[in-house]
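*Asks:* Could you have a look at this structure, given as structure tokens, before my questions?
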Amino acid sequence: GQNIDQPTEMTATEGAIVQINCTYQTSGFNGLFWYQQHAGEAPTFLSYNVLDGLEEKGRFSSFLSRSKGYSYLLLKELQMKDSASYLCAVRGPVAYSGAGSYQLTFGKGTKLSVIP
Amino acid sequence: GAVVSQHPSWVICKSGTSVKIECRSLDFQATTMFWYRQFPKQSLMLMATSNEGSKATYEQGVEKDKFLINHASLTLSTLTVTSAHPEDSSFYICSPKISSYEQYFGPGTRLTVT
């Protein structure tokens, strides 16, 4: 099975940098996703990592270490609109074939509050 | 990103009635559609996987006779909540299988059963 842990809540100041960590224990690994979800809305895709290292996309970066079962999402130059929940999701076990390898298991999400 | 639509965006129904939720992929063909649900203050949980032209597969604990999934075409998958009860009130979201490095979600359907 999959076990994914991330902090429940974080608070950061506008203009600052915040790092949201995610650790996972899985029976297989086929990629890790980060999503942003505003209250009452569906998740929106932020990033995807399947190999170790850092992926940068504008103000958002995501890092993965497969050997440590660890990822983080880094948000720079925080804006008030970044206040949202951030979901870490691991893609299904590699051992599954077909659609099973595309299933996502989500962490409980980290609620980020950006304050002035 | 991929364009996925859901209809309705929200629905209120009485206990015991059935509700159909449509998920359409607007600019691509989806052979596989994942259906998730999210209860208040919880994360997304996979309910079932639908495949075009074949039976859906359901996750453990999800009743296949209660949550009917039809994937009759490459652009439309439907989820019908039969004999809905208040505990079925949730946010239902579809997600098409696109590629190995992309996974998008529809805008979701908020179901409230009174």
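Chain labels A, B, ... are given in the sequence in which chains occur in the structure tokens; within each chain residues are numbered consecutively from 1, and ligands are likewise numbered from 1 in the order shown.
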Return as a list in words the residues belonging to chain A that are within 8 Å of chain B, counting only C-alpha atoms.
*Replies:*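 Close to chain B, chain A has Gly31, Glu41, Ala42, Pro43, Thr44, Phe45, Tyr48, Leu87, Ala99, Tyr102, Gln103, Leu104, Thr105, Phe106, Gly107, Lys108 and Gly109 of chain A.
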*Asks:* Excluding A:Gly58 and residues on its chain fewer than 2 positions from it, collect all residues at most 12 Å away from it, counting only C-alpha atoms, and give them as a PyMOL selection string.
*Replies:* chain A and resi 46-47+55-56+60-62+74-78
*Asks:* Got a sec: who's within 9 Å of A:Cys88, counting only C-alpha atoms, leaving out chain neighbours fewer than 3 positions off, as a ChimeraX atom specification?
*Replies:* /A:4-6,21-23,32-35,71-73,105-110
*Asks:* Put those residues in a file: C-alpha atoms, as a PDB file, in the first residue's frame.
*Replies:*
```
ATOM      1  CA  ILE A   4       1.969   9.621   2.384  1.00  0.00           C
ATOM      2  CA  ASP A   5       2.706  12.216   5.052  1.00  0.00           C
ATOM      3  CA  GLN A   6       2.743  15.977   4.836  1.00  0.00           C
ATOM      4  CA  ASN A  21       7.594  18.500   2.662  1.00  0.00           C
ATOM      5  CA  CYS A  22       6.135  15.156   1.711  1.00  0.00           C
ATOM      6  CA  THR A  23       7.382  11.719   2.715  1.00  0.00           C
ATOM      7  CA  LEU A  32       5.092  12.066  -7.655  1.00  0.00           C
ATOM      8  CA  PHE A  33       2.742  14.974  -8.304  1.00  0.00           C
ATOM      9  CA  TRP A  34       2.029  18.220  -6.506  1.00  0.00           C
ATOM     10  CA  TYR A  35      -1.338  19.920  -6.787  1.00  0.00           C
ATOM     11  CA  SER A  71       9.785  15.312  -1.877  1.00  0.00           C
ATOM     12  CA  TYR A  72       9.255  18.980  -1.258  1.00  0.00           C
ATOM     13  CA  LEU A  73       7.438  21.800  -2.980  1.00  0.00           C
ATOM     14  CA  THR A 105      -2.738   8.128  -3.928  1.00  0.00           C
ATOM     15  CA  PHE A 106      -2.991  11.472  -2.176  1.00  0.00           C
ATOM     16  CA  GLY A 107      -1.639  12.775   1.076  1.00  0.00           C
ATOM     17  CA  LYS A 108      -4.049  14.656   3.324  1.00  0.00           C
ATOM     18  CA  GLY A 109      -2.802  17.993   2.051  1.00  0.00           C
ATOM     19  CA  THR A 110      -1.050  20.966   3.627  1.00  0.00           C
TER      20      THR A 110
END
```
*Asks:* Quick one: of A:Leu54, A:Asn30, A:Val114, A:Gly40, who's nearest to A:Ala16, counting only C-alpha atoms?
*Replies:* A:Val114
*Asks:* Please extract the residues of stretch 2-107 of chain A with a backbone DSSP assignment of strand (DSSP E) and present them as a VMD selection string.
*Replies:* chain A and resid 2 to 5 9 to 13 18 to 26 32 to 37 44 to 49 53 to 57 60 to 65 70 to 75 84 to 91 104 to 106
*Asks:* A:Gln25: which residues within 7 Å, counting only C-alpha atoms, same-chain residues fewer than 5 positions away excluded, as a list in words?
*Replies:* Gln2, Asn3, Ile4 and Gly69 of chain A
*Asks:* Would you save the residues from that selection as a PDB file, in the first residue's frame, using C-alpha atoms?
*Replies:*
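Below you can see selection-v8.pdb, which holds the result:
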```pdb
ATOM      1  CA  GLN A   2       0.842   3.667   0.027  1.00  0.00           C
ATOM      2  CA  ASN A   3       1.452   5.931   3.035  1.00  0.00           C
ATOM      3  CA  ILE A   4       1.969   9.621   2.384  1.00  0.00           C
ATOM      4  CA  GLY A  69      11.019   8.594  -0.110  1.00  0.00           C
TER       5      GLY A  69
END
```
*Asks:* Neighbours of B:Glu52 within 9 Å (only C-alpha atoms; same-chain residues fewer than 5 positions away dropped), as a list of chain:residue names?
*Replies:* B:Ala30, B:Thr31, B:Thr32, B:Met33, B:Asn70, B:His71, B:Ala72, B:Ser73, B:Leu74, B:Leu76, B:Ser77
*Asks:* For atom CA of B:Leu79 and atom CA of B:Lys66, quote the distance in Å rounded to one decimal.
*Replies:*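 Calculated distance between atom CA of B:Leu79 and atom CA of B:Lys66 is 9.8 Å.
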*Asks:* For B:Ser5, which residue among B:Tyr58, B:Leu26, B:Thr17, B:Val113 is the nearest when counting only C-alpha atoms?
*Replies:*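 Counting only C-alpha atoms, the residue closest to B:Ser5 is B:Leu26.
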*Asks:* DSSP on the backbone, then: every residue of chain A marked helix (DSSP H, G or I), written as a list in words.
*Replies:* Met80, Lys81, Asp82, Gly98, Ala99, Gly100, Ser101 and Tyr102 of chain A
*Asks:* Only C-alpha atoms, please: the residues just picked out, written as an mmCIF file, in the first residue's frame.
*Replies:*
```
data_model
loop_
_atom_site.group_PDB
_atom_site.id
_atom_site.type_symbol
_atom_site.label_atom_id
_atom_site.label_comp_id
_atom_site.auth_asym_id
_atom_site.auth_seq_id
_atom_site.Cartn_x
_atom_site.Cartn_y
_atom_site.Cartn_z
ATOM 1 C CA MET A 80 -1.775 36.117 -1.009
ATOM 2 C CA LYS A 81 -3.391 34.065 -3.777
ATOM 3 C CA ASP A 82 -1.041 31.195 -2.905
ATOM 4 C CA GLY A 98 -2.217 -0.750 -17.640
ATOM 5 C CA ALA A 99 -4.376 1.839 -15.928
ATOM 6 C CA GLY A 100 -3.343 0.742 -12.449
ATOM 7 C CA SER A 101 0.060 2.306 -12.849
ATOM 8 C CA TYR A 102 -1.615 5.693 -13.412
#
```
*Asks:* Please list as an NGL selection string every residue within 7 Å of A:Lys111, counting only C-alpha atoms and excluding residues in the same chain fewer than 6 positions away.
*Replies:* :A and (8-10 or 84-86)
*Asks:* Could the residues in this selection be written to a file with N, CA and C atoms, as an mmCIF file, in the first residue's frame?
*Replies:*
```
data_model
loop_
_atom_site.group_PDB
_atom_site.id
_atom_site.type_symbol
_atom_site.label_atom_id
_atom_site.label_comp_id
_atom_site.auth_asym_id
_atom_site.auth_seq_id
_atom_site.Cartn_x
_atom_site.Cartn_y
_atom_site.Cartn_z
ATOM 1 N N THR A 8 0.053 19.289 8.242
ATOM 2 C CA THR A 8 -1.353 19.648 8.109
ATOM 3 C C THR A 8 -1.530 21.121 7.733
ATOM 4 N N GLU A 9 -0.785 21.982 8.395
ATOM 5 C CA GLU A 9 -0.931 23.415 8.154
ATOM 6 C C GLU A 9 0.418 24.109 8.213
ATOM 7 N N MET A 10 0.536 25.193 7.455
ATOM 8 C CA MET A 10 1.716 26.046 7.496
ATOM 9 C C MET A 10 1.273 27.487 7.295
ATOM 10 N N ALA A 84 -3.801 28.231 -0.009
ATOM 11 C CA ALA A 84 -4.537 27.095 -0.562
ATOM 12 C C ALA A 84 -4.027 25.829 0.124
ATOM 13 N N SER A 85 -4.622 24.712 -0.227
ATOM 14 C CA SER A 85 -4.082 23.418 0.202
ATOM 15 C C SER A 85 -3.190 22.881 -0.895
ATOM 16 N N TYR A 86 -2.087 22.254 -0.487
ATOM 17 C CA TYR A 86 -1.145 21.677 -1.436
ATOM 18 C C TYR A 86 -1.098 20.174 -1.200
#
```
*Asks:* Report, in Å to a single decimal, how far apart atom CA of A:Ser113 and atom CA of A:Tyr70 are.
*Replies:* 22.8 Å
